[in-house]
Protein chains: 2
Amino acid sequence: MNKEESNPWEKRDQEMDAIKKRMGRIKHKLAIISGKGGVGKSLVTVNLATFLAKNGKQVGIFDADLTGPCVPKMLGLKGYRLDAGPAGIGPAEGPMGIKTVSMDFLLPSDESPVIWRGPLKMGAIRQFLGEVNWGTLDYLLVDLPPGTGDESLSILQLLPEMDGVVIVTIPSEISQAVVKKAITFARKMNVPILGIVENMAGLICPHCGQMIDVFSKGGGEKVSDEMGIDLLGSIPLDPRVSTDSDIGVPFVISHPNSPAAKAFSQIANKIEERIEQ
Amino acid sequence: MNKEESNPWEKRDQEMDAIKKRMGRIKHKLAIISGKGGVGKSLVTVNLATFLAKNGKQVGIFDADLTGPCVPKMLGLKGYRLDAGPAGIGPAEGPMGIKTVSMDFLLPSDESPVIWRGPLKMGAIRQFLGEVNWGTLDYLLVDLPPGTGDESLSILQLLPEMDGVVIVTIPSEISQAVVKKAITFARKMNVPILGIVENMAGLICPHCGQMIDVFSKGGGEKVSDEMGIDLLGSIPLDPRVSTDSDIGVPFVISHPNSPAAKAFSQIANKIEERIEQ
């Protein structure tokens, strides 16, 4: 290493030390991943966080999806601006006291895309992870970018002591192909896989009550069998879930008796059990 | 620039010349983009290509989605391996003679994720664009990675003379926020925006025939009004669309009389008119 380069490396080391210190106060760290976007990764993150918070846990969410961060909208935190003080960056507080940090809080307007080159992006994430004052948490849920690209890779490398990942998919065959990639990705990274959540698994017609398999059927079970990964459960499609996300209330709060919320509670219970045993 | 760096730059120039030469034989270049994944970008690409091919055009698809390339599966080309000869890399031929190249063709198995660091990825894309022997084409459709990150940016920079982009979204408010980012992205890149396609816009229950707004309602129209972008049309959800994708036949071929295919034909007609006028 020559002289000119020593400064950036020193800075990097300081950032890594800061991350280690912050993360040391967090009991369990989970990542939510998916092979492709649009399968409900943020929805699972937000509702899992809400479920854990309802169970009396201190919960934080790090929305690391740089391209289309959705968590703030889903938690009614849209438009929040982060405050920085001597103790670090203070996270936003969502429903049930969920501490939330999202790249969305740094963007000037809804219309602004984050067109950052890779190294800049990772710098922002390192800084974030090192400077956010989460305090003491039972759970930190990391909503990773969709897919298994280098962003997800870099973030997982920054957080080496993950308790596990939850993989979200939908029932169609096309999604199965990409979810297999996500499983291989997690295995290569040596992160324990807690299981698969199958989202958008059938829709009960609100008019006639019959079942419609909108995105095919059985994909989650098939992948689970083929790859030897536990299927944690299937969440049916429910138009109210989309509306709840739009108004910023997690559906496990607003529709706790819906089939979707009931399915979700079973999934969340399994995850909690597995981590705390 | 010092001496050691001159070789890579020379290689880069050669690659850029090769891309220019190959692209010179293509009449129209379109990119299909989305603010977030899972909204049906590949579905729109594949069916638009099929529609244009049915109209007698020579069509190619470049599936530039590196993390979860879906186009081969949707065209029944899964498992195809690319051939290289003196004239370059020969694309696969899908239904209606659609010439197809996808990152998926380079992966060893379904389970392998592409965990490439940014620069490596862009190198692969430059090489691809320079070496694929598309021949003479009326249309090349580029299925960009979801979101407005640096991958999409770099690919658009490699293909500067785009006829335009088509933006795909779904009706929910959450998707509107990210589609605005995609619009701003295209505007910053100075690429003409041909319009918005709203996918998954309502589902007709196959049992009772009534309409279900699965992912809220009216998002496409709202974004269109607010951002001054034309709404090209709305494609209803149809479980057969998912099944068709799984078996590798575009739904404009297998279900040409479905409401989804009819909506799609109107959209494709508008796009073709706008480009050729």
# chains A, B, ... in the order shown; residues from 1 in each chain; ligands from 1
call {"tool": "residues_around", "arguments": {"residues": "A:Phe215", "least_positions_apart": "3", "cutoff": "10 Å", "atoms": "only C-alpha atoms", "output": "JSON, numbers by chain"}}
result
{"A": [170, 171, 172, 173, 174, 175, 199, 200, 201, 202, 203, 212, 218, 219, 237], "B": [237, 238, 239, 240, 241, 242, 243, 246]}
call {"tool": "write_last_selection", "arguments": {"atoms": "all heavy atoms", "output": "compact mmCIF listing (two decimals), in the first residue's frame"}}
result
# COMPACT_ATOMS: atom_id res chain seq x y z
N ILE A 170 -42.78 -15.78 -4.73
CA ILE A 170 -44.19 -15.97 -5.08
C ILE A 170 -44.33 -17.32 -5.78
O ILE A 170 -43.32 -17.92 -6.15
CB ILE A 170 -44.75 -14.80 -5.95
CG1 ILE A 170 -44.04 -14.71 -7.31
CG2 ILE A 170 -44.62 -13.47 -5.22
CD1 ILE A 170 -44.72 -13.73 -8.29
N PRO A 171 -45.56 -17.84 -5.95
CA PRO A 171 -45.71 -19.24 -6.36
C PRO A 171 -45.28 -19.59 -7.80
O PRO A 171 -45.10 -20.76 -8.09
CB PRO A 171 -47.23 -19.50 -6.22
CG PRO A 171 -47.75 -18.41 -5.36
CD PRO A 171 -46.86 -17.24 -5.58
N SER A 172 -45.12 -18.61 -8.69
CA SER A 172 -44.89 -18.95 -10.10
C SER A 172 -43.53 -19.63 -10.32
O SER A 172 -42.60 -19.48 -9.54
CB SER A 172 -44.97 -17.71 -10.96
OG SER A 172 -43.84 -16.92 -10.77
N GLU A 173 -43.46 -20.40 -11.42
CA GLU A 173 -42.22 -21.12 -11.74
C GLU A 173 -41.07 -20.17 -12.01
O GLU A 173 -39.92 -20.42 -11.66
CB GLU A 173 -42.44 -21.99 -12.98
CG GLU A 173 -42.77 -23.42 -12.64
CD GLU A 173 -42.80 -24.28 -13.88
OE1 GLU A 173 -41.86 -24.23 -14.68
OE2 GLU A 173 -43.80 -25.01 -14.05
N ILE A 174 -41.39 -19.08 -12.71
CA ILE A 174 -40.37 -18.08 -13.03
C ILE A 174 -39.70 -17.58 -11.76
O ILE A 174 -38.49 -17.40 -11.69
CB ILE A 174 -41.02 -16.89 -13.79
CG1 ILE A 174 -41.45 -17.34 -15.18
CG2 ILE A 174 -40.10 -15.67 -13.79
CD1 ILE A 174 -40.87 -16.57 -16.33
N SER A 175 -40.49 -17.41 -10.71
CA SER A 175 -39.92 -16.94 -9.45
C SER A 175 -39.10 -18.03 -8.78
O SER A 175 -38.14 -17.74 -8.07
CB SER A 175 -41.03 -16.48 -8.52
OG SER A 175 -41.72 -15.42 -9.10
N ASN A 199 -45.24 -15.50 -0.80
CA ASN A 199 -46.20 -14.41 -0.77
C ASN A 199 -47.09 -14.48 -2.02
O ASN A 199 -46.75 -15.14 -2.99
CB ASN A 199 -45.44 -13.07 -0.71
CG ASN A 199 -46.36 -11.90 -0.40
OD1 ASN A 199 -47.39 -12.05 0.26
ND2 ASN A 199 -46.00 -10.72 -0.88
N MET A 200 -48.22 -13.81 -1.98
CA MET A 200 -49.17 -13.76 -3.11
C MET A 200 -49.63 -15.17 -3.51
O MET A 200 -49.77 -15.48 -4.70
CB MET A 200 -48.55 -13.07 -4.34
CG MET A 200 -47.98 -11.69 -4.03
SD MET A 200 -47.54 -10.79 -5.53
CE MET A 200 -46.52 -9.48 -4.84
N ALA A 201 -49.84 -16.00 -2.50
CA ALA A 201 -50.22 -17.39 -2.76
C ALA A 201 -51.74 -17.51 -2.80
O ALA A 201 -52.38 -17.83 -1.80
CB ALA A 201 -49.63 -18.29 -1.68
N GLY A 202 -52.31 -17.27 -3.95
CA GLY A 202 -53.75 -17.37 -4.10
C GLY A 202 -54.48 -16.16 -3.56
O GLY A 202 -54.00 -15.46 -2.67
N LEU A 203 -55.66 -15.91 -4.14
CA LEU A 203 -56.48 -14.76 -3.75
C LEU A 203 -57.90 -15.28 -3.54
O LEU A 203 -58.42 -16.03 -4.38
CB LEU A 203 -56.45 -13.73 -4.88
CG LEU A 203 -57.49 -12.61 -4.90
CD1 LEU A 203 -57.23 -11.62 -3.78
CD2 LEU A 203 -57.44 -11.87 -6.25
N ILE A 212 -58.57 -18.01 -6.26
CA ILE A 212 -57.97 -17.76 -7.58
C ILE A 212 -56.45 -17.85 -7.43
O ILE A 212 -55.87 -17.14 -6.61
CB ILE A 212 -58.34 -16.35 -8.11
CG1 ILE A 212 -59.84 -16.07 -7.97
CG2 ILE A 212 -57.90 -16.18 -9.56
CD1 ILE A 212 -60.19 -14.60 -8.09
N GLY A 218 -48.10 -23.47 -5.79
CA GLY A 218 -47.20 -24.51 -5.28
C GLY A 218 -45.72 -24.29 -5.46
O GLY A 218 -44.91 -25.16 -5.15
N GLY A 219 -45.33 -23.12 -5.97
CA GLY A 219 -43.91 -22.85 -6.23
C GLY A 219 -43.06 -22.90 -4.97
O GLY A 219 -41.96 -23.46 -4.98
N LEU A 237 -52.82 -13.52 -1.27
CA LEU A 237 -53.03 -12.15 -1.79
C LEU A 237 -54.29 -11.59 -1.14
O LEU A 237 -55.28 -12.31 -0.98
CB LEU A 237 -53.25 -12.19 -3.30
CG LEU A 237 -52.12 -11.84 -4.23
CD1 LEU A 237 -52.59 -12.00 -5.66
CD2 LEU A 237 -51.62 -10.43 -4.02
N LEU B 237 -54.73 -8.15 -14.65
CA LEU B 237 -54.15 -9.40 -14.17
C LEU B 237 -54.95 -10.56 -14.74
O LEU B 237 -56.17 -10.49 -14.84
CB LEU B 237 -54.28 -9.48 -12.64
CG LEU B 237 -53.09 -9.15 -11.77
CD1 LEU B 237 -53.49 -9.26 -10.32
CD2 LEU B 237 -51.93 -10.09 -12.04
N ASP B 238 -54.28 -11.62 -15.11
CA ASP B 238 -54.95 -12.81 -15.63
C ASP B 238 -54.09 -14.00 -15.25
O ASP B 238 -52.92 -14.07 -15.65
CB ASP B 238 -55.08 -12.68 -17.16
CG ASP B 238 -55.89 -13.81 -17.77
OD1 ASP B 238 -55.93 -14.91 -17.20
OD2 ASP B 238 -56.49 -13.58 -18.84
N PRO B 239 -54.64 -14.94 -14.45
CA PRO B 239 -53.82 -16.09 -14.02
C PRO B 239 -53.19 -16.82 -15.21
O PRO B 239 -52.11 -17.39 -15.08
CB PRO B 239 -54.83 -16.99 -13.31
CG PRO B 239 -55.91 -16.07 -12.82
CD PRO B 239 -56.00 -14.98 -13.86
N ARG B 240 -53.84 -16.76 -16.40
CA ARG B 240 -53.28 -17.44 -17.57
C ARG B 240 -51.97 -16.82 -18.03
O ARG B 240 -51.12 -17.47 -18.63
CB ARG B 240 -54.30 -17.42 -18.72
CG ARG B 240 -55.51 -18.28 -18.45
CD ARG B 240 -56.57 -18.07 -19.51
NE ARG B 240 -57.07 -16.70 -19.52
CZ ARG B 240 -58.04 -16.25 -20.32
NH1 ARG B 240 -58.59 -17.06 -21.20
NH2 ARG B 240 -58.44 -15.00 -20.25
N VAL B 241 -51.80 -15.51 -17.74
CA VAL B 241 -50.56 -14.83 -18.12
C VAL B 241 -49.38 -15.45 -17.38
O VAL B 241 -48.32 -15.72 -17.95
CB VAL B 241 -50.67 -13.31 -17.81
CG1 VAL B 241 -49.29 -12.66 -17.85
CG2 VAL B 241 -51.62 -12.62 -18.79
N SER B 242 -49.59 -15.74 -16.09
CA SER B 242 -48.52 -16.35 -15.29
C SER B 242 -48.23 -17.77 -15.79
O SER B 242 -47.07 -18.16 -15.93
CB SER B 242 -48.94 -16.37 -13.82
OG SER B 242 -47.95 -16.93 -13.01
N THR B 243 -49.28 -18.52 -16.08
CA THR B 243 -49.09 -19.89 -16.59
C THR B 243 -48.37 -19.87 -17.94
O THR B 243 -47.47 -20.67 -18.19
CB THR B 243 -50.46 -20.59 -16.73
OG1 THR B 243 -51.27 -20.23 -15.62
CG2 THR B 243 -50.30 -22.09 -16.78
N ASP B 246 -44.80 -19.35 -17.52
CA ASP B 246 -44.14 -20.54 -16.98
C ASP B 246 -43.88 -21.59 -18.07
O ASP B 246 -42.88 -22.30 -18.02
CB ASP B 246 -44.97 -21.15 -15.85
CG ASP B 246 -44.77 -20.40 -14.52
OD1 ASP B 246 -43.86 -19.55 -14.46
OD2 ASP B 246 -45.52 -20.66 -13.57
call {"tool": "interface_residues", "arguments": {"of": "chain B", "to": "chain A", "cutoff": "8 Å", "atoms": "only C-alpha atoms", "output": "count of residues only"}}
result
53
call {"tool": "select_by_dssp", "arguments": {"residues": "stretch 17-196 of chain A", "states": "strand (DSSP E)", "output": "ChimeraX atom specification"}}
result
/A:26-34,59-63,83-85,88-90,92-93,99-102,137-143,164-169,193-196
call {"tool": "atom_distance", "arguments": {"atom1": "atom CA of B:Thr169", "atom2": "atom CA of B:Gly220"}}
result
7.0 Å
call {"tool": "select_by_dssp", "arguments": {"residues": "stretch 18-235 of chain B", "states": "alpha helix (DSSP H)", "output": "count of residues only"}}
result
72
call {"tool": "atom_distance", "arguments": {"atom1": "atom CA of B:Ile33", "atom2": "atom CA of B:Leu231"}}
result
14.5 Å
call {"tool": "residues_around", "arguments": {"residues": "B:Gly85", "least_positions_apart": "5", "cutoff": "12 Å", "atoms": "only C-alpha atoms", "output": "JSON list (two decimals) with C-alpha atoms, in the first residue's frame"}}
result
[["chain", "number", "residue", "atom", "x", "y", "z"],
["B", 90, "GLY", "CA", -25.25, -16.01, -32.48],
["B", 91, "PRO", "CA", -28.42, -15.13, -30.57],
["B", 131, "GLU", "CA", -20.02, -9.28, -30.05],
["B", 132, "VAL", "CA", -23.58, -10.42, -30.55],
["B", 133, "ASN", "CA", -24.36, -10.78, -34.23]]
call {"tool": "closest_residue", "arguments": {"among": "A:Pro160, A:Gly195, A:Gly24, A:Pro95", "to": "A:Tyr139", "atoms": "only C-alpha atoms"}}
result
A:Gly24
